[in-house]
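J.: Below is the file work19.tsv, with TSV, C-alpha atoms.
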chain	number	residue	atom	x	y	z
R	1119	MET	CA	40.64	107.05	-127.52
R	1120	ASN	CA	43.53	105.93	-125.33
R	1121	HIS	CA	44.07	102.20	-124.87
R	1122	MET	CA	46.58	100.61	-122.52
R	1123	ASN	CA	49.06	99.96	-125.32
R	1124	ASP	CA	48.73	103.54	-126.60
R	1125	LEU	CA	49.53	105.24	-123.28
R	1126	GLU	CA	52.92	106.84	-122.94
R	1127	ILE	CA	54.59	105.74	-119.74
R	1128	ASN	CA	56.04	108.94	-118.35
R	1129	ALA	CA	54.81	111.11	-115.51
R	1130	SER	CA	55.12	114.19	-117.72
R	1131	THR	CA	51.93	113.19	-119.59
R	1132	ALA	CA	49.83	114.24	-116.58
R	1133	GLY	CA	51.05	117.84	-116.68
R	1134	THR	CA	52.45	119.85	-113.79
R	1135	TRP	CA	51.41	121.92	-110.78
R	1136	THR	CA	53.39	124.10	-108.40
R	1137	LEU	CA	53.91	123.55	-104.69
R	1138	GLY	CA	55.08	127.01	-103.76
R	1139	ASP	CA	58.15	127.56	-105.94
R	1140	LEU	CA	58.53	123.84	-106.72
R	1141	THR	CA	57.09	122.37	-109.93
R	1142	VAL	CA	55.91	118.78	-109.72
R	1143	ARG	CA	54.36	116.42	-112.23
R	1144	ARG	CA	50.77	115.75	-111.33
R	1145	ILE	CA	51.30	112.02	-111.03
R	1146	GLY	CA	53.71	111.18	-108.24
R	1147	PHE	CA	54.51	108.23	-106.01
R	1148	GLY	CA	53.27	107.37	-102.53
R	1149	ALA	CA	55.76	105.45	-100.38
R	1150	MET	CA	53.35	103.96	-97.81
R	1151	ARG	CA	53.32	100.53	-99.49
R	1152	LEU	CA	57.10	100.30	-99.93
R	1153	PRO	CA	58.34	99.01	-96.54
R	1154	GLN	CA	56.10	95.92	-96.48
R	1155	THR	CA	53.98	93.57	-98.53
R	1156	GLY	CA	50.34	93.40	-97.51
R	1157	GLU	CA	48.77	95.83	-95.09
R	1158	ALA	CA	50.69	98.97	-94.16
R	1159	LEU	CA	50.89	100.79	-90.84
R	1160	ILE	CA	50.45	97.73	-88.63
R	1161	PRO	CA	52.81	96.01	-86.19
R	1162	ASN	CA	54.52	92.83	-87.44
R	1163	SER	CA	53.92	93.56	-91.11
R	1164	VAL	CA	55.87	91.48	-93.64
R	1165	SER	CA	58.90	93.47	-94.75
R	1166	ARG	CA	59.35	93.92	-98.49
R	1167	ASP	CA	62.46	92.72	-100.30
R	1168	ARG	CA	64.94	95.60	-100.06
R	1169	ASP	CA	66.19	95.36	-103.64
R	1170	GLN	CA	62.64	95.32	-105.00
R	1171	ALA	CA	61.71	98.46	-103.07
R	1172	ILE	CA	64.86	100.28	-104.16
R	1173	GLY	CA	64.28	99.19	-107.76
R	1174	VAL	CA	60.71	100.54	-107.77
R	1175	LEU	CA	61.86	103.92	-106.45
R	1176	ARG	CA	64.60	104.24	-109.04
R	1177	ARG	CA	62.24	103.17	-111.81
R	1178	ALA	CA	59.66	105.75	-110.71
R	1179	VAL	CA	62.20	108.54	-111.13
R	1180	GLU	CA	63.33	107.10	-114.49
R	1181	LEU	CA	59.70	107.28	-115.60
R	1182	GLY	CA	59.51	110.98	-114.79
R	1183	VAL	CA	58.15	111.03	-111.23
R	1184	ASN	CA	59.52	114.02	-109.32
R	1185	HIS	CA	57.09	114.07	-106.37
R	1186	ILE	CA	57.41	111.38	-103.70
R	1187	ASP	CA	55.15	111.31	-100.66
R	1188	THR	CA	56.54	109.67	-97.52
R	1189	ALA	CA	56.59	109.74	-93.72
R	1190	ALA	CA	58.84	108.54	-90.92
R	1191	PHE	CA	55.92	106.42	-89.67
R	1192	TYR	CA	55.93	104.41	-92.92
R	1193	PHE	CA	57.96	101.44	-91.72
R	1194	SER	CA	57.90	97.68	-91.22
R	1195	PRO	CA	60.09	95.66	-88.82
R	1196	LEU	CA	63.04	95.75	-91.24
R	1197	ARG	CA	62.31	98.64	-93.62
R	1198	SER	CA	61.74	102.38	-93.43
R	1199	ALA	CA	60.30	104.24	-96.41
R	1200	ASN	CA	62.51	107.26	-95.75
R	1201	GLU	CA	65.68	105.20	-95.53
R	1202	LEU	CA	64.74	103.27	-98.69
R	1203	ILE	CA	64.26	106.60	-100.49
R	1204	ASN	CA	67.64	107.79	-99.22
R	1205	ARG	CA	69.37	104.58	-100.27
R	1206	ALA	CA	67.70	104.49	-103.69
R	1207	LEU	CA	67.83	108.11	-104.77
R	1208	ALA	CA	70.55	110.05	-102.94
R	1209	PRO	CA	72.23	112.15	-104.12
R	1210	TYR	CA	68.79	113.42	-105.03
R	1211	PRO	CA	67.94	114.81	-108.48
R	1212	ASP	CA	67.65	118.61	-108.43
R	1213	ASP	CA	63.98	118.55	-109.42
R	1214	LEU	CA	62.86	115.82	-107.00
R	1215	VAL	CA	60.35	117.01	-104.38
R	1216	ILE	CA	60.03	114.82	-101.30
R	1217	ALA	CA	56.93	115.50	-99.23
R	1218	THR	CA	56.67	114.08	-95.74
R	1219	LYS	CA	54.18	114.35	-92.91
R	1220	VAL	CA	54.28	114.61	-89.15
R	1221	GLY	CA	51.58	114.50	-86.52
R	1222	GLN	CA	50.95	111.08	-85.02
R	1223	PRO	CA	54.08	108.93	-84.67
R	1224	ARG	CA	54.42	105.18	-84.13
R	1225	ASP	CA	56.67	103.52	-81.56
R	1226	PRO	CA	59.39	101.07	-82.69
R	1227	SER	CA	56.95	98.15	-82.41
R	1228	GLY	CA	54.65	99.85	-84.90
R	1229	ALA	CA	51.94	100.88	-82.41
R	1230	TRP	CA	50.47	104.36	-82.80
R	1231	LEU	CA	51.45	106.93	-80.19
R	1232	PRO	CA	49.38	109.95	-79.08
R	1233	HIS	CA	49.17	112.88	-81.46
R	1234	ALA	CA	52.36	114.93	-81.25
R	1235	GLY	CA	52.09	118.22	-79.43
R	1236	PRO	CA	54.11	121.33	-80.22
R	1237	ARG	CA	57.11	120.12	-78.18
R	1238	GLU	CA	57.36	116.81	-80.08
R	1239	LEU	CA	56.93	118.17	-83.60
R	1240	ARG	CA	60.47	119.49	-83.98
R	1241	GLY	CA	61.84	116.05	-83.10
R	1242	LEU	CA	59.63	114.46	-85.75
R	1243	VAL	CA	60.88	116.92	-88.36
R	1244	GLU	CA	64.49	116.19	-87.36
R	1245	GLU	CA	63.78	112.43	-87.62
R	1246	ASN	CA	62.68	112.91	-91.24
R	1247	LEU	CA	65.73	115.04	-91.99
R	1248	ARG	CA	68.03	112.38	-90.55
R	1249	GLN	CA	66.41	109.43	-92.31
R	1250	LEU	CA	66.26	111.19	-95.67
R	1251	GLY	CA	69.77	112.60	-95.34
R	1252	ARG	CA	68.61	116.16	-96.03
R	1253	ASP	CA	69.48	119.50	-94.48
R	1254	HIS	CA	65.95	120.74	-95.20
R	1255	LEU	CA	62.61	119.18	-96.13
R	1256	ASP	CA	60.88	120.27	-99.34
R	1257	LEU	CA	57.36	119.93	-97.94
R	1258	VAL	CA	56.02	118.93	-94.54
R	1259	ASN	CA	52.33	118.17	-94.05
R	1260	LEU	CA	50.85	118.43	-90.59
R	1261	ARG	CA	48.68	115.34	-90.24
R	1262	ILE	CA	45.59	115.97	-88.13
R	1263	VAL	CA	43.48	113.51	-86.19
R	1264	GLY	CA	40.19	115.03	-85.13
R	1265	THR	CA	38.80	118.55	-85.37
R	1266	ALA	CA	40.73	120.39	-82.63
R	1267	PRO	CA	42.36	123.70	-83.60
R	1268	VAL	CA	45.73	123.40	-85.35
R	1269	ALA	CA	47.19	126.87	-84.82
R	1270	GLU	CA	49.66	125.97	-82.07
R	1271	ARG	CA	51.00	122.87	-83.84
R	1272	PHE	CA	51.07	124.49	-87.28
R	1273	GLY	CA	52.83	127.47	-85.72
R	1274	VAL	CA	55.72	125.20	-84.67
R	1275	LEU	CA	56.16	124.06	-88.28
R	1276	ALA	CA	55.93	127.66	-89.46
R	1277	GLU	CA	58.81	128.53	-87.11
R	1278	LEU	CA	60.87	125.64	-88.51
R	1279	ARG	CA	60.12	126.96	-91.99
R	1280	GLN	CA	61.39	130.39	-90.95
R	1281	ALA	CA	64.51	128.68	-89.59
R	1282	GLY	CA	65.17	127.03	-92.96
R	1283	LEU	CA	64.49	123.42	-91.98
R	1284	ILE	CA	61.28	123.28	-94.05
R	1285	ARG	CA	60.68	124.86	-97.44
R	1286	HIS	CA	56.87	124.54	-97.73
R	1287	LEU	CA	53.97	123.52	-95.51
R	1288	GLY	CA	50.82	121.51	-96.08
R	1289	LEU	CA	48.00	119.81	-94.18
R	1290	SER	CA	46.72	116.24	-94.13
R	1291	ASN	CA	43.34	114.84	-93.07
R	1292	VAL	CA	41.83	118.26	-92.43
R	1293	THR	CA	38.70	120.38	-92.71
R	1294	PRO	CA	38.26	123.73	-94.50
R	1295	GLU	CA	38.36	125.36	-91.07
R	1296	HIS	CA	41.80	123.87	-90.42
R	1297	LEU	CA	43.02	125.24	-93.75
R	1298	ALA	CA	41.79	128.75	-92.97
R	1299	GLU	CA	43.33	128.58	-89.50
R	1300	ALA	CA	46.71	127.48	-90.86
R	1301	GLN	CA	46.75	129.97	-93.73
R	1302	ALA	CA	46.44	132.80	-91.23
R	1303	ILE	CA	49.82	131.66	-89.86
R	1304	ALA	CA	51.86	130.68	-92.94
R	1305	PRO	CA	51.29	129.75	-96.60
R	1306	VAL	CA	49.76	126.30	-97.20
R	1307	VAL	CA	50.73	124.73	-100.55
R	1308	CYS	CA	48.72	121.49	-100.36
R	1309	VAL	CA	45.93	119.59	-98.64
R	1310	GLN	CA	46.03	115.79	-98.43
R	1311	ASN	CA	42.64	114.22	-97.75
R	1312	MET	CA	41.03	110.85	-98.40
R	1313	TYR	CA	39.15	111.10	-101.70
R	1314	GLY	CA	38.39	109.04	-104.79
R	1315	ILE	CA	35.54	107.58	-106.85
R	1316	GLY	CA	32.82	106.77	-104.32
R	1317	VAL	CA	34.95	107.99	-101.43
R	1318	ARG	CA	33.78	111.07	-99.55
R	1319	PRO	CA	31.88	112.85	-102.32
R	1320	ALA	CA	31.11	115.53	-99.71
R	1321	GLN	CA	34.74	116.62	-100.13
R	1322	GLU	CA	34.00	118.05	-103.58
R	1323	ALA	CA	33.36	121.59	-102.39
R	1324	PHE	CA	36.65	121.49	-100.48
R	1325	VAL	CA	38.48	120.20	-103.56
R	1326	ARG	CA	37.12	123.15	-105.57
R	1327	HIS	CA	37.90	125.58	-102.76
R	1328	CYS	CA	41.52	124.47	-102.72
R	1329	GLY	CA	41.69	125.04	-106.47
R	1330	GLU	CA	40.32	128.56	-106.09
R	1331	LEU	CA	43.05	129.26	-103.52
R	1332	GLY	CA	45.79	127.75	-105.71
R	1333	VAL	CA	46.35	125.03	-103.10
R	1334	ALA	CA	47.14	121.55	-104.41
R	1335	PHE	CA	44.68	118.83	-103.41
R	1336	VAL	CA	46.39	115.46	-103.00
R	1337	PRO	CA	43.96	112.56	-102.44
R	1338	PHE	CA	45.11	109.51	-100.52
R	1339	TYR	CA	43.55	106.03	-100.77
R	1340	ALA	CA	42.21	107.09	-104.19
R	1341	LEU	CA	42.89	103.54	-105.43
R	1342	ALA	CA	42.36	101.54	-102.24
R	1343	ALA	CA	39.10	103.30	-101.32
R	1344	ASP	CA	37.59	101.41	-98.37
R	1345	GLY	CA	40.60	99.08	-98.39
R	1346	ARG	CA	42.68	101.99	-97.06
R	1347	GLN	CA	46.13	100.88	-95.90
R	1348	ALA	CA	45.33	97.26	-96.80
R	1349	GLY	CA	45.13	98.25	-100.47
R	1350	ALA	CA	42.46	97.77	-103.10
R	1351	THR	CA	39.94	95.07	-102.25
R	1352	GLY	CA	39.22	94.01	-105.84
R	1353	ASP	CA	35.48	94.60	-105.26
R	1354	GLU	CA	35.15	97.20	-108.02
R	1355	HIS	CA	31.97	98.90	-109.24
R	1356	GLU	CA	30.73	97.54	-112.56
R	1357	GLU	CA	30.63	101.01	-114.14
R	1358	VAL	CA	34.33	101.50	-113.40
R	1359	ARG	CA	35.03	98.06	-114.86
R	1360	ALA	CA	32.98	98.89	-117.95
R	1361	VAL	CA	34.90	102.09	-118.66
R	1362	ALA	CA	38.15	100.20	-118.13
R	1363	ARG	CA	37.15	97.39	-120.50
R	1364	ALA	CA	36.08	99.80	-123.21
R	1365	ARG	CA	39.38	101.62	-123.02
R	1366	GLY	CA	41.61	98.58	-122.66
R	1367	VAL	CA	42.94	99.75	-119.31
R	1368	THR	CA	42.59	98.62	-115.70
R	1369	PRO	CA	40.04	99.90	-113.16
R	1370	ALA	CA	42.94	101.33	-111.14
R	1371	GLN	CA	44.03	103.38	-114.16
R	1372	VAL	CA	40.48	104.68	-114.56
R	1373	ARG	CA	40.48	105.73	-110.90
R	1374	ILE	CA	43.78	107.59	-111.31
R	1375	ALA	CA	42.60	109.31	-114.49
R	1376	TRP	CA	39.32	110.35	-112.82
R	1377	THR	CA	41.30	111.81	-109.93
R	1378	LEU	CA	43.43	113.91	-112.29
R	1379	HIS	CA	40.29	115.12	-114.09
R	1380	GLN	CA	38.97	116.73	-110.90
R	1381	GLY	CA	41.04	119.87	-111.48
R	1382	PRO	CA	44.49	120.99	-112.60
R	1383	HIS	CA	45.47	121.40	-108.94
R	1384	VAL	CA	44.65	117.76	-108.07
R	1385	LEU	CA	47.72	115.53	-107.78
R	1386	ALA	CA	47.81	111.72	-107.70
R	1387	ILE	CA	50.23	109.78	-105.50
R	1388	PRO	CA	49.45	106.09	-106.11
R	1389	GLY	CA	51.80	103.79	-104.26
R	1390	THR	CA	53.03	100.29	-104.99
R	1391	GLY	CA	55.98	97.99	-104.48
R	1392	ASP	CA	55.28	96.18	-107.75
R	1393	PRO	CA	57.19	97.33	-110.89
R	1394	ALA	CA	54.32	96.39	-113.23
R	1395	HIS	CA	51.78	98.30	-111.16
R	1396	LEU	CA	54.15	101.28	-111.11
R	1397	ARG	CA	54.25	101.36	-114.91
R	1398	ALA	CA	50.45	101.10	-115.13
R	1399	ASN	CA	49.92	103.84	-112.53
R	1400	ILE	CA	52.21	106.26	-114.33
R	1401	ALA	CA	50.70	105.40	-117.72
R	1402	ALA	CA	47.29	106.43	-116.34
R	1403	GLY	CA	48.49	110.03	-116.39
R	1404	ALA	CA	48.05	109.95	-120.17
R	1405	LEU	CA	44.49	108.58	-120.06
R	1406	ARG	CA	41.97	111.22	-121.14
R	1407	LEU	CA	38.41	110.37	-120.18
R	1408	THR	CA	35.47	111.55	-122.28
R	1409	THR	CA	32.62	113.66	-120.97
R	1410	THR	CA	30.37	110.59	-121.12
R	1411	GLU	CA	32.84	108.45	-119.22
R	1412	LEU	CA	33.27	111.13	-116.57
R	1413	ALA	CA	29.49	111.37	-116.16
R	1414	ARG	CA	29.26	107.59	-115.63
R	1415	LEU	CA	32.06	107.68	-113.07
R	1416	ASP	CA	30.60	110.73	-111.33
R	1417	ALA	CA	27.34	108.78	-110.91
R	1418	VAL	CA	29.33	106.05	-109.14
R	1419	HIS	CA	31.04	108.69	-107.04
R	1420	HIS	CA	27.73	110.15	-105.89
R	1421	GLY	CA	26.07	106.77	-105.39
R	1422	THR	CA	23.53	107.35	-108.18
R	1423	ALA	CA	24.78	104.73	-110.65
R	1424	LEU	CA	22.13	102.17	-111.46
R	1425	SER	CA	24.29	99.05	-111.56
R	1426	GLY	CA	26.96	97.38	-109.49
R	1427	SER	CA	27.19	96.20	-105.91
R	1428	GLU	CA	28.73	99.46	-104.71
R	1429	ALA	CA	26.14	101.84	-106.18
R	1430	GLY	CA	25.18	102.96	-102.71
R	1431	SER	CA	28.76	103.41	-101.51
R	1432	SER	CA	29.00	106.26	-99.05
R	1433	GLU	CA	31.60	108.03	-97.02
R	1434	PRO	CA	33.64	105.60	-94.94
R	1435	GLY	CA	33.81	106.04	-91.24
Would you kindly transcribe this structure into C-alpha cells?

T.:
Amino acid sequence: MNHMNDLEINASTAGTWTLGDLTVRRIGFGAMRLPQTGEALIPNSVSRDRDQAIGVLRRAVELGVNHIDTAAFYFSPLRSANELINRALAPYPDDLVIATKVGQPRDPSGAWLPHAGPRELRGLVEENLRQLGRDHLDLVNLRIVGTAPVAERFGVLAELRQAGLIRHLGLSNVTPEHLAEAQAIAPVVCVQNMYGIGVRPAQEAFVRHCGELGVAFVPFYALAADGRQAGATGDEHEEVRAVARARGVTPAQVRIAWTLHQGPHVLAIPGTGDPAHLRANIAAGALRLTTTELARLDAVHHGTALSGSEAGSSEPG
C-alpha cells in the first residue's frame, strides 16, 4: 500500500507512452495555470509572480517531467505560458516534448475571438514557434469548438507538418467522428478531451477506442472537474476522500492515479503554479490503486456511489 510519504517523487514512476516517435512520461505538466493566480482564460486575471512560475517549470523538469502542455492563448495581462516556458527551460532538454494547441485564439485583452479558419491557423502556429523560440513544434493539437467537420482546418496543420514546422498532430475537445475524419488526412498521436472521476463517463468508449488505435488520450480538467479553468472547487465526493484518507494521500492524488489507471495510453497533465502541489501531483504517478479502490471510484464516476453530495454528478454542460 502506497502512502504519501512512501511515494517516489519522479515522473518516471508513472511509466511512458509514445507520441509518434517521441517517448513521454505518462505524468506531465499543464501550463494553463502558470500565467495567473486564480481563474485562467479570463480578461484581467491576476498575473503570477514571474520567478515562482519559472521555478515551478524548472522543478517539474528536475522531477522527471518531459511532457509540457501549453498554448499561446494561455496568458494573463503580464505573463504568457509559452514565454515563461521559453525563459525557464531554453535551451530545451533533448527529451522534452512541448505540446501546444491552436483553434480559438484570444485578443490581447483576453477576450475570445472566433474560431480560426484555415487562413488563420498558420499564423497561430507561427505565434507558438516565436513565443517558444523553436524552429518546429513537437506536437500541435487542433482545438475544436462544436461538431462541424475538421478536415479543412486539420488539412492546414497536415501541410505544415509536411513542411517541417510541426512534428506530430493531435486533436482537442473532439468526437470520435472528428478523430476518424482527421486520421484520413494525417496521423493523429493524441486526443485531449475533458474527462475525470465523475466527469463525462460517456467518454469511456472513446477512451478505449483511442487505446485500440494506439492514440494517447490526454484528459483535461481531470482535477478541477466542474471547476474547469477556475480550478478544483474543494467540494469532493466522500468516496474519493475516503480512499485518500486510507492511503495517506490527497483527493487530487487519487484523481490523478485513477486517471492513469484508465489505460496505458492515458496521460495526465495536471497543472499548478504551486511548488508543493507540483510535488504532490508528480508523486501521484507512483500511487497504485487496488481493485477495490478502483471499483469504489468507478461507482463515483458513473454516479452510482451510495454516499456523498456528488453521487449524482453527471456530464457538465

J.: Show me a table, sorted first by chain and then by increasing residue number, of the residues of stretch 1304-1396 of chain R having an atom at most 12 Å from stretch 1193-1199 of chain R, each with its shortest atom pair and the distance in Å to one decimal, counting all atoms listed in the file and written as a Markdown table.

T.:
| residue | atom | partner | partner_atom | distance |
| --- | --- | --- | --- | --- |
| R:Gly1389 | CA | R:Ala1199 | CA | 11.6 |
| R:Thr1390 | CA | R:Ala1199 | CA | 11.9 |
| R:Gly1391 | CA | R:Ala1199 | CA | 11.1 |

J.: Could you state the separation of atom CA of R:Phe1324 and atom CA of R:Ser1290 in Å, given to one decimal place?

T.: 13.0 Å

J.: Using only C-alpha atoms for the distances, tell me which of R:Ile1127, R:Val1142, R:Val1164, R:Ile1303 is nearest to R:Val1384.

T.: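 Among the listed residues, R:Val1142 lies closest to R:Val1384.
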
J.: If we count only C-alpha atoms, what is near R:Val1215 at a cut-off of 7 Å, once residues fewer than 5 positions away on the same chain are taken out, given as a list in words?

T.: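 Skipping anything fewer than 5 positions along the chain leaves Asn1184, His1185, Ile1186 and Asp1256 of chain R.
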
J.: I'd like to know which of R:Asp1187, R:Glu1238, R:Asp1253, R:Asp1353 is closest to R:Pro1337, using all atoms listed in the file.

T.: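 Nearest candidate to R:Pro1337 out of R:Asp1187, R:Glu1238, R:Asp1253, R:Asp1353: R:Asp1187.
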
J.: Please provide the set of residues having any atom within 7 Å of stretch 1310-1317 of chain R, restricted to only C-alpha atoms, with same-chain residues fewer than 6 positions apart removed, written as a list in words.

T.: Leu1289, Ser1290, Asn1291, Val1292, Phe1335, Val1336, Pro1337, Phe1338, Tyr1339, Ala1340, Ala1343, Arg1373, Thr1377, Val1418, His1419, His1420, Gly1421, Ser1431, Ser1432 and Glu1433 of chain R

J.: Excluding same-chain residues fewer than 3 positions from R:Ser1163, what lies within 9 Å of it counting all atoms listed in the file, as a list in words?

T.: Pro1153, Gln1154, Thr1155, Gly1156, Glu1157, Ala1158, Leu1159, Ile1160, Phe1193, Ser1194, Pro1195 and Gly1228 of chain R

J.: Selected residues, C-alpha atoms, written as an mmCIF file, in the frame of the given file, please.

T.:
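Below you can see selection-v4.cif, which holds the result:
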data_model
loop_
_atom_site.group_PDB
_atom_site.id
_atom_site.type_symbol
_atom_site.label_atom_id
_atom_site.label_comp_id
_atom_site.auth_asym_id
_atom_site.auth_seq_id
_atom_site.Cartn_x
_atom_site.Cartn_y
_atom_site.Cartn_z
ATOM 1 C CA PRO R 1153 58.340 99.010 -96.540
ATOM 2 C CA GLN R 1154 56.100 95.920 -96.480
ATOM 3 C CA THR R 1155 53.980 93.570 -98.530
ATOM 4 C CA GLY R 1156 50.340 93.400 -97.510
ATOM 5 C CA GLU R 1157 48.770 95.830 -95.090
ATOM 6 C CA ALA R 1158 50.690 98.970 -94.160
ATOM 7 C CA LEU R 1159 50.890 100.790 -90.840
ATOM 8 C CA ILE R 1160 50.450 97.730 -88.630
ATOM 9 C CA PHE R 1193 57.960 101.440 -91.720
ATOM 10 C CA SER R 1194 57.900 97.680 -91.220
ATOM 11 C CA PRO R 1195 60.090 95.660 -88.820
ATOM 12 C CA GLY R 1228 54.650 99.850 -84.900
#

J.: Considering all atoms listed in the file, can you say which of R:Leu1250, R:Gln1371, R:Met1119, R:Ala1206 comes closest to R:Pro1388?

T.: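 Nearest candidate to R:Pro1388 out of R:Leu1250, R:Gln1371, R:Met1119, R:Ala1206: R:Gln1371.
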
J.: Using atom CA of R:Asn1162 and atom CA of R:Gly1148 as the two end points, give the distance in Å to one decimal.

T.: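 About the pair atom CA of R:Asn1162 and atom CA of R:Gly1148: they are 21.0 Å apart.
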
J.: So that I can see what lies close to R:Val1306, please list as number ranges by chain the residues with an atom at most 6 Å from it, counting only C-alpha atoms and leaving out residues fewer than 2 positions away in the same chain.

T.: R: 1287-1288, 1301, 1308
